[in-house]
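Novice: This is protein38.pdb (PDB, C-alpha atoms, pLDDT in the B column).
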```
ATOM      1  CA  MET E   1     -69.369  35.124  83.407  1.00 44.00           C
ATOM      2  CA  ASP E   2     -71.572  37.684  81.669  1.00 47.00           C
ATOM      3  CA  MET E   3     -75.219  36.986  82.555  1.00 46.00           C
ATOM      4  CA  ASP E   4     -76.557  39.099  79.664  1.00 48.00           C
ATOM      5  CA  MET E   5     -75.377  36.519  77.085  1.00 45.00           C
ATOM      6  CA  GLY E   6     -77.965  33.938  78.195  1.00 45.00           C
ATOM      7  CA  MET E   7     -80.896  32.766  76.091  1.00 45.00           C
ATOM      8  CA  ASP E   8     -84.385  33.987  76.745  1.00 47.00           C
ATOM      9  CA  MET E   9     -86.578  31.112  75.542  1.00 45.00           C
ATOM     10  CA  GLY E  10     -89.817  33.055  75.656  1.00 46.00           C
ATOM     11  CA  SER E  11     -88.920  36.082  73.539  1.00 46.00           C
ATOM     12  CA  GLY E  12     -88.717  34.505  70.060  1.00 47.00           C
ATOM     13  CA  THR E  13     -85.110  35.651  69.671  1.00 47.00           C
ATOM     14  CA  SER E  14     -81.898  33.891  70.472  1.00 46.00           C
ATOM     15  CA  SER E  15     -78.535  35.364  71.282  1.00 46.00           C
ATOM     16  CA  GLY E  16     -75.510  33.566  69.991  1.00 46.00           C
ATOM     17  CA  ALA E  17     -71.954  33.744  71.270  1.00 50.00           C
ATOM     18  CA  SER E  18     -71.352  36.774  69.068  1.00 51.00           C
ATOM     19  CA  GLY E  19     -74.288  38.626  70.579  1.00 51.00           C
ATOM     20  CA  HIS E  20     -76.293  38.885  67.328  1.00 60.00           C
ATOM     21  CA  ASN E  21     -80.022  38.348  67.577  1.00 62.00           C
ATOM     22  CA  MET E  22     -81.717  35.997  65.120  1.00 60.00           C
ATOM     23  CA  MET E  23     -85.369  36.917  64.767  1.00 61.00           C
ATOM     24  CA  ALA E  24     -87.874  34.732  62.992  1.00 77.00           C
ATOM     25  CA  VAL E  25     -89.768  37.611  61.398  1.00 86.00           C
ATOM     26  CA  PHE E  26     -89.927  38.938  57.873  1.00 87.00           C
ATOM     27  CA  GLN E  27     -87.923  42.012  57.018  1.00 90.00           C
ATOM     28  CA  ASN E  28     -88.024  44.319  54.014  1.00 89.00           C
ATOM     29  CA  SER E  29     -84.410  45.372  53.588  1.00 90.00           C
ATOM     30  CA  MET E  30     -83.517  45.979  49.958  1.00 92.00           C
ATOM     31  CA  THR E  31     -79.906  44.971  50.615  1.00 92.00           C
ATOM     32  CA  THR E  32     -80.589  41.346  51.515  1.00 92.00           C
ATOM     33  CA  SER E  33     -78.057  39.021  49.911  1.00 92.00           C
ATOM     34  CA  LEU E  34     -79.360  36.260  47.689  1.00 94.00           C
ATOM     35  CA  PHE E  35     -77.330  33.021  47.553  1.00 92.00           C
ATOM     36  CA  SER E  36     -74.009  34.783  48.234  1.00 91.00           C
ATOM     37  CA  ALA E  37     -72.532  38.078  49.408  1.00 91.00           C
ATOM     38  CA  ALA E  38     -71.704  38.884  45.782  1.00 94.00           C
ATOM     39  CA  TRP E  39     -75.427  38.995  44.984  1.00 92.00           C
ATOM     40  CA  THR E  40     -76.436  41.845  47.250  1.00 93.00           C
ATOM     41  CA  PRO E  41     -78.655  44.473  45.659  1.00 95.00           C
ATOM     42  CA  HIS E  42     -77.336  47.979  46.330  1.00 94.00           C
ATOM     43  CA  SER E  43     -80.087  49.916  44.541  1.00 95.00           C
ATOM     44  CA  THR E  44     -83.824  49.771  44.029  1.00 94.00           C
ATOM     45  CA  GLY E  45     -83.308  48.608  40.436  1.00 95.00           C
ATOM     46  CA  ALA E  46     -81.002  45.791  41.525  1.00 95.00           C
ATOM     47  CA  TYR E  47     -83.539  44.712  44.155  1.00 95.00           C
ATOM     48  CA  ALA E  48     -86.339  44.767  41.560  1.00 96.00           C
ATOM     49  CA  GLY E  49     -84.134  42.742  39.192  1.00 96.00           C
ATOM     50  CA  THR E  50     -83.525  40.178  41.930  1.00 96.00           C
ATOM     51  CA  CYS E  51     -87.268  39.912  42.570  1.00 96.00           C
ATOM     52  CA  ILE E  52     -87.954  39.502  38.845  1.00 97.00           C
ATOM     53  CA  PHE E  53     -85.299  36.779  38.716  1.00 97.00           C
ATOM     54  CA  LEU E  54     -87.057  34.961  41.584  1.00 97.00           C
ATOM     55  CA  ILE E  55     -90.420  35.234  39.817  1.00 97.00           C
ATOM     56  CA  VAL E  56     -88.975  33.749  36.613  1.00 97.00           C
ATOM     57  CA  PHE E  57     -87.028  31.098  38.560  1.00 97.00           C
ATOM     58  CA  SER E  58     -90.188  30.008  40.411  1.00 97.00           C
ATOM     59  CA  ALA E  59     -92.146  29.850  37.167  1.00 96.00           C
ATOM     60  CA  ILE E  60     -89.352  27.726  35.685  1.00 96.00           C
ATOM     61  CA  LEU E  61     -89.723  25.319  38.613  1.00 95.00           C
ATOM     62  CA  ARG E  62     -93.432  24.925  37.869  1.00 95.00           C
ATOM     63  CA  GLY E  63     -92.573  24.381  34.208  1.00 95.00           C
ATOM     64  CA  LEU E  64     -90.028  21.707  35.128  1.00 95.00           C
ATOM     65  CA  LEU E  65     -92.617  19.925  37.272  1.00 94.00           C
ATOM     66  CA  ALA E  66     -95.089  20.007  34.385  1.00 94.00           C
ATOM     67  CA  LEU E  67     -92.397  18.738  32.021  1.00 94.00           C
ATOM     68  CA  ARG E  68     -91.610  15.851  34.352  1.00 93.00           C
ATOM     69  CA  ASN E  69     -95.263  14.819  34.591  1.00 92.00           C
ATOM     70  CA  TRP E  70     -95.689  15.091  30.831  1.00 91.00           C
ATOM     71  CA  LEU E  71     -92.589  12.948  30.229  1.00 92.00           C
ATOM     72  CA  GLU E  72     -93.747  10.375  32.799  1.00 89.00           C
ATOM     73  CA  TYR E  73     -97.066  10.135  30.992  1.00 88.00           C
ATOM     74  CA  ARG E  74     -95.324   9.639  27.648  1.00 89.00           C
ATOM     75  CA  TRP E  75     -92.921   7.052  29.084  1.00 86.00           C
ATOM     76  CA  ILE E  76     -95.689   5.040  30.748  1.00 83.00           C
ATOM     77  CA  ASP E  77     -97.880   5.242  27.653  1.00 82.00           C
ATOM     78  CA  ALA E  78     -95.034   4.019  25.448  1.00 81.00           C
ATOM     79  CA  GLU E  79     -94.229   1.243  27.915  1.00 78.00           C
ATOM     80  CA  MET E  80     -97.815   0.028  28.039  1.00 73.00           C
ATOM     81  CA  LYS E  81     -98.023  -0.041  24.256  1.00 72.00           C
ATOM     82  CA  ARG E  82     -94.737  -1.948  24.089  1.00 66.00           C
ATOM     83  CA  ARG E  83     -95.822  -4.905  26.197  1.00 59.00           C
ATOM     84  CA  TYR E  84     -96.563  -7.809  23.908  1.00 55.00           C
ATOM     85  CA  VAL E  85     -96.742 -11.480  24.811  1.00 54.00           C
ATOM     86  CA  VAL E  86     -97.303 -14.600  22.770  1.00 54.00           C
ATOM     87  CA  VAL E  87    -100.515 -16.257  23.850  1.00 59.00           C
ATOM     88  CA  ALA E  88     -99.826 -19.947  24.553  1.00 61.00           C
ATOM     89  CA  GLY E  89    -102.372 -22.418  23.244  1.00 64.00           C
ATOM     90  CA  ARG E  90    -104.262 -19.852  21.242  1.00 63.00           C
ATOM     91  CA  GLY E  91    -104.321 -20.233  17.517  1.00 62.00           C
ATOM     92  CA  THR E  92    -103.357 -17.459  15.201  1.00 62.00           C
ATOM     93  CA  LEU E  93    -105.941 -15.231  13.637  1.00 59.00           C
ATOM     94  CA  ALA E  94    -105.336 -16.936  10.303  1.00 60.00           C
ATOM     95  CA  GLU E  95    -106.108 -20.370  11.819  1.00 65.00           C
ATOM     96  CA  ARG E  96    -109.300 -19.079  13.437  1.00 63.00           C
ATOM     97  CA  VAL E  97    -110.422 -17.517  10.157  1.00 58.00           C
ATOM     98  CA  SER E  98    -109.786 -20.722   8.229  1.00 62.00           C
ATOM     99  CA  ASN E  99    -111.683 -22.829  10.827  1.00 65.00           C
ATOM    100  CA  ASP E 100    -114.665 -20.467  11.047  1.00 61.00           C
ATOM    101  CA  SER E 101    -117.212 -21.215   8.353  1.00 57.00           C
ATOM    102  CA  LEU E 102    -118.931 -17.846   8.797  1.00 55.00           C
ATOM    103  CA  ALA E 103    -115.758 -15.809   8.472  1.00 50.00           C
ATOM    104  CA  LYS E 104    -115.218 -13.671   5.442  1.00 49.00           C
ATOM    105  CA  PRO E 105    -112.408 -14.764   3.178  1.00 49.00           C
ATOM    106  CA  MET E 106    -110.194 -11.695   3.862  1.00 49.00           C
ATOM    107  CA  VAL E 107    -109.312 -10.461   7.376  1.00 45.00           C
ATOM    108  CA  LEU E 108    -106.484  -8.003   7.929  1.00 47.00           C
ATOM    109  CA  SER E 109    -105.257  -6.594  11.206  1.00 57.00           C
ATOM    110  CA  SER E 110    -102.670  -3.927  11.966  1.00 57.00           C
ATOM    111  CA  SER E 111     -99.942  -6.573  12.185  1.00 53.00           C
ATOM    112  CA  GLY E 112    -101.182  -8.788   9.364  1.00 54.00           C
ATOM    113  CA  VAL E 113    -103.073 -12.054   9.295  1.00 49.00           C
ATOM    114  CA  GLU E 114    -100.463 -14.040  11.240  1.00 45.00           C
ATOM    115  CA  GLU E 115    -101.265 -12.355  14.519  1.00 49.00           C
ATOM    116  CA  ASN E 116    -100.396 -14.424  17.602  1.00 48.00           C
ATOM    117  CA  VAL E 117     -99.649 -11.714  20.103  1.00 49.00           C
ATOM    118  CA  MET E 118    -101.783  -9.465  22.234  1.00 50.00           C
ATOM    119  CA  VAL E 119    -101.114  -6.255  24.134  1.00 48.00           C
ATOM    120  CA  VAL E 120    -100.915  -6.602  27.895  1.00 52.00           C
ATOM    121  CA  GLN E 121    -102.418  -3.616  29.706  1.00 52.00           C
ATOM    122  CA  LYS E 122    -101.761  -4.702  33.303  1.00 54.00           C
ATOM    123  CA  HIS E 123    -101.141  -1.924  35.767  1.00 51.00           C
ATOM    124  CA  GLY E 124     -99.550  -3.242  38.908  1.00 55.00           C
ATOM    125  CA  ALA E 125     -97.743  -1.737  41.842  1.00 55.00           C
ATOM    126  CA  GLU E 126     -94.477  -3.433  40.874  1.00 66.00           C
ATOM    127  CA  GLY E 127     -91.683  -1.230  39.697  1.00 70.00           C
ATOM    128  CA  ARG E 128     -90.939  -0.777  36.066  1.00 73.00           C
ATOM    129  CA  PRO E 129     -87.669  -2.168  34.695  1.00 75.00           C
ATOM    130  CA  PHE E 130     -84.619   0.043  34.231  1.00 80.00           C
ATOM    131  CA  ARG E 131     -84.545   1.664  30.814  1.00 82.00           C
ATOM    132  CA  LEU E 132     -81.420   3.442  29.609  1.00 86.00           C
ATOM    133  CA  SER E 133     -83.513   5.717  27.379  1.00 85.00           C
ATOM    134  CA  VAL E 134     -85.721   6.898  30.287  1.00 88.00           C
ATOM    135  CA  ASP E 135     -84.107   6.594  33.711  1.00 90.00           C
ATOM    136  CA  PRO E 136     -81.028   8.831  33.206  1.00 93.00           C
ATOM    137  CA  ILE E 137     -83.282  11.584  31.819  1.00 94.00           C
ATOM    138  CA  ARG E 138     -85.596  11.173  34.806  1.00 93.00           C
ATOM    139  CA  ALA E 139     -82.650  11.336  37.225  1.00 95.00           C
ATOM    140  CA  VAL E 140     -81.216  14.497  35.636  1.00 96.00           C
ATOM    141  CA  LEU E 141     -84.619  16.170  35.603  1.00 95.00           C
ATOM    142  CA  ASP E 142     -85.269  15.243  39.251  1.00 95.00           C
ATOM    143  CA  THR E 143     -81.847  16.611  40.214  1.00 97.00           C
ATOM    144  CA  VAL E 144     -82.494  19.905  38.422  1.00 97.00           C
ATOM    145  CA  ILE E 145     -85.945  20.188  40.031  1.00 95.00           C
ATOM    146  CA  ALA E 146     -84.456  19.538  43.482  1.00 96.00           C
ATOM    147  CA  GLY E 147     -81.680  22.091  42.899  1.00 96.00           C
ATOM    148  CA  VAL E 148     -84.086  24.800  41.753  1.00 96.00           C
ATOM    149  CA  GLY E 149     -86.411  24.011  44.654  1.00 95.00           C
ATOM    150  CA  TYR E 150     -83.610  24.227  47.206  1.00 96.00           C
ATOM    151  CA  LEU E 151     -82.376  27.531  45.770  1.00 96.00           C
ATOM    152  CA  LEU E 152     -85.896  28.940  46.021  1.00 96.00           C
ATOM    153  CA  MET E 153     -86.103  27.652  49.583  1.00 96.00           C
ATOM    154  CA  LEU E 154     -82.891  29.519  50.397  1.00 94.00           C
ATOM    155  CA  ALA E 155     -84.383  32.681  48.916  1.00 94.00           C
ATOM    156  CA  VAL E 156     -87.436  32.355  51.157  1.00 93.00           C
ATOM    157  CA  MET E 157     -85.225  31.593  54.171  1.00 92.00           C
ATOM    158  CA  THR E 158     -83.642  35.047  53.868  1.00 92.00           C
ATOM    159  CA  MET E 159     -86.913  36.187  55.484  1.00 92.00           C
ATOM    160  CA  ASN E 160     -87.098  39.037  52.974  1.00 93.00           C
ATOM    161  CA  VAL E 161     -90.755  39.758  52.289  1.00 95.00           C
ATOM    162  CA  GLY E 162     -90.032  40.910  48.726  1.00 94.00           C
ATOM    163  CA  TYR E 163     -88.216  37.672  47.924  1.00 96.00           C
ATOM    164  CA  PHE E 164     -91.001  35.642  49.519  1.00 96.00           C
ATOM    165  CA  ILE E 165     -93.737  37.390  47.538  1.00 97.00           C
ATOM    166  CA  SER E 166     -91.658  37.063  44.361  1.00 97.00           C
ATOM    167  CA  VAL E 167     -91.365  33.298  44.824  1.00 97.00           C
ATOM    168  CA  LEU E 168     -95.108  33.019  45.435  1.00 97.00           C
ATOM    169  CA  GLY E 169     -95.812  35.215  42.413  1.00 97.00           C
ATOM    170  CA  GLY E 170     -93.605  33.000  40.258  1.00 96.00           C
ATOM    171  CA  VAL E 171     -95.371  29.882  41.491  1.00 95.00           C
ATOM    172  CA  PHE E 172     -98.704  31.514  40.634  1.00 96.00           C
ATOM    173  CA  ILE E 173     -97.588  32.539  37.145  1.00 96.00           C
ATOM    174  CA  GLY E 174     -95.950  29.171  36.503  1.00 94.00           C
ATOM    175  CA  SER E 175     -99.059  27.314  37.622  1.00 93.00           C
ATOM    176  CA  LEU E 176    -101.240  29.599  35.523  1.00 94.00           C
ATOM    177  CA  ILE E 177     -99.150  28.849  32.432  1.00 93.00           C
ATOM    178  CA  CYS E 178     -98.170  25.193  33.039  1.00 90.00           C
ATOM    179  CA  GLY E 179    -100.616  23.968  35.673  1.00 85.00           C
ATOM    180  CA  ARG E 180    -102.854  22.126  33.267  1.00 84.00           C
ATOM    181  CA  TYR E 181     -99.857  20.114  32.106  1.00 81.00           C
ATOM    182  CA  ALA E 182     -98.712  19.293  35.627  1.00 76.00           C
ATOM    183  CA  THR E 183    -101.626  16.982  36.373  1.00 72.00           C
ATOM    184  CA  TYR E 184    -100.640  13.364  36.184  1.00 57.00           C
ATOM    185  CA  PHE E 185    -102.675  11.267  33.788  1.00 50.00           C
ATOM    186  CA  GLY E 186    -102.113   7.883  35.406  1.00 45.00           C
ATOM    187  CA  HIS E 187    -102.977   4.656  33.663  1.00 38.00           C
TER
END
```
Can you dump the structure from the file as structure tokens?
Specialist:
Amino acid sequence: MDMDMGMDMGSGTSSGASGHNMMAVFQNSMTTSLFSAAWTPHSTGAYAGTCIFLIVFSAILRGLLALRNWLEYRWIDAEMKRRYVVVAGRGTLAERVSNDSLAKPMVLSSSGVEENVMVVQKHGAEGRPFRLSVDPIRAVLDTVIAGVGYLLMLAVMTMNVGYFISVLGGVFIGSLICGRYATYFGH
């Protein structure tokens, strides 16, 4: 048995059965493959193009996160405005006007004089009901966000310092452009 093939736990490197060393340090090779062997830059221009792609891709991720938060806000706002209930035992506005001697003869509301509903603005921890107009869109958007995030993670895991800085630069630019929309305006 070859004793040189063993693992040295204290060195930060590991030797596999093939004898290749895997180091957990950044490298700056301009021929680092991205996502597949077919996407291997072979020139400085191709490497710069790959870095620009990663910047744009990271900014797109920040934009998708902002879009999701904006849509969630719209969906919750629409849902809260949609919750109407009939109030049991409470007379209509028309009955209250006719019984009140001090009321003016004409009272109009946004839904007319025969108003016997009120908007419920309860915000509980219970889940919202399934809505065919909202939940599939949310699921597709979450899937796209996860896919883009995982692809960016793979780019960073190449341990290429140019790719890493490009991803961070894209996050910065995306947050600069879309960050104000990514805050969640909860009810």
Novice: Starting from the shown file, work through the PyMOL selection byres ((chain E and resi 27-39) around 10) and note down what comes out as a VMD selection string.
Specialist: chain E and resid 23 to 26 40 to 48 50 54 151 to 152 154 to 163
Novice: Keeping C-alpha atoms for every residue in the selection just given, could you write it to a file as a CSV table (one decimal), in the coordinates of the input?
Specialist:
```csv
chain,number,residue,atom,x,y,z
E,23,MET,CA,-85.4,36.9,64.8
E,24,ALA,CA,-87.9,34.7,63.0
E,25,VAL,CA,-89.8,37.6,61.4
E,26,PHE,CA,-89.9,38.9,57.9
E,40,THR,CA,-76.4,41.8,47.2
E,41,PRO,CA,-78.7,44.5,45.7
E,42,HIS,CA,-77.3,48.0,46.3
E,43,SER,CA,-80.1,49.9,44.5
E,44,THR,CA,-83.8,49.8,44.0
E,45,GLY,CA,-83.3,48.6,40.4
E,46,ALA,CA,-81.0,45.8,41.5
E,47,TYR,CA,-83.5,44.7,44.2
E,48,ALA,CA,-86.3,44.8,41.6
E,50,THR,CA,-83.5,40.2,41.9
E,54,LEU,CA,-87.1,35.0,41.6
E,151,LEU,CA,-82.4,27.5,45.8
E,152,LEU,CA,-85.9,28.9,46.0
E,154,LEU,CA,-82.9,29.5,50.4
E,155,ALA,CA,-84.4,32.7,48.9
E,156,VAL,CA,-87.4,32.4,51.2
E,157,MET,CA,-85.2,31.6,54.2
E,158,THR,CA,-83.6,35.0,53.9
E,159,MET,CA,-86.9,36.2,55.5
E,160,ASN,CA,-87.1,39.0,53.0
E,161,VAL,CA,-90.8,39.8,52.3
E,162,GLY,CA,-90.0,40.9,48.7
E,163,TYR,CA,-88.2,37.7,47.9
```
Novice: For the file shown, what are the residues hit by the PyMOL selection byres ((chain E and resi 168) around 12), laid out as JSON, numbers by chain?
Specialist: {"E": [51, 52, 54, 55, 56, 57, 58, 59, 61, 62, 152, 153, 155, 156, 161, 162, 163, 164, 165, 166, 167, 169, 170, 171, 172, 173, 174, 175]}
Novice: How about saving the chosen residues, C-alpha atoms kept, as a compact mmCIF listing (two decimals), in the coordinates of the input?
Specialist:
```txt
# COMPACT_ATOMS: atom_id res chain seq x y z
CA CYS E 51 -87.27 39.91 42.57
CA ILE E 52 -87.95 39.50 38.84
CA LEU E 54 -87.06 34.96 41.58
CA ILE E 55 -90.42 35.23 39.82
CA VAL E 56 -88.98 33.75 36.61
CA PHE E 57 -87.03 31.10 38.56
CA SER E 58 -90.19 30.01 40.41
CA ALA E 59 -92.15 29.85 37.17
CA LEU E 61 -89.72 25.32 38.61
CA ARG E 62 -93.43 24.92 37.87
CA LEU E 152 -85.90 28.94 46.02
CA MET E 153 -86.10 27.65 49.58
CA ALA E 155 -84.38 32.68 48.92
CA VAL E 156 -87.44 32.35 51.16
CA VAL E 161 -90.76 39.76 52.29
CA GLY E 162 -90.03 40.91 48.73
CA TYR E 163 -88.22 37.67 47.92
CA PHE E 164 -91.00 35.64 49.52
CA ILE E 165 -93.74 37.39 47.54
CA SER E 166 -91.66 37.06 44.36
CA VAL E 167 -91.36 33.30 44.82
CA GLY E 169 -95.81 35.22 42.41
CA GLY E 170 -93.60 33.00 40.26
CA VAL E 171 -95.37 29.88 41.49
CA PHE E 172 -98.70 31.51 40.63
CA ILE E 173 -97.59 32.54 37.15
CA GLY E 174 -95.95 29.17 36.50
CA SER E 175 -99.06 27.31 37.62
```
Novice: Between CA of Ala182 in chain E and CA of Tyr73 in chain E, what is the spacing in Å?
Specialist: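 Between these atoms lies a distance of 10.4 Å.
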Novice: How would you write, as a ChimeraX atom specification, the residues chosen by the PyMOL selection byres ((chain E and resi 134) around 12) on this structure?
Specialist: /E:68,71-76,78-79,128-133,135-141
Novice: Just to confirm, what's the straight-line distance from CA of Gly147 in chain E to CA of Leu64 in chain E in Å (one decimal)?
Specialist: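 CA of Leu64 in chain E lies at a distance of 11.4 Å from CA of Gly147 in chain E.
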Novice: Could you state the separation of CA of Thr183 in chain E and CA of Ala66 in chain E in Å, given to one decimal place?
Specialist: 7.5 Å
Novice: Please report, as AutoDock Vina command-line options, the centre and edge lengths in Å to one decimal of an axis-aligned box covering all listed atoms of range 147-151 of chain E with 6 Å per side.
Specialist:
```
--center_x -84.0 --center_y 24.8 --center_z 44.5 --size_x 16.7 --size_y 17.4 --size_z 17.5
```
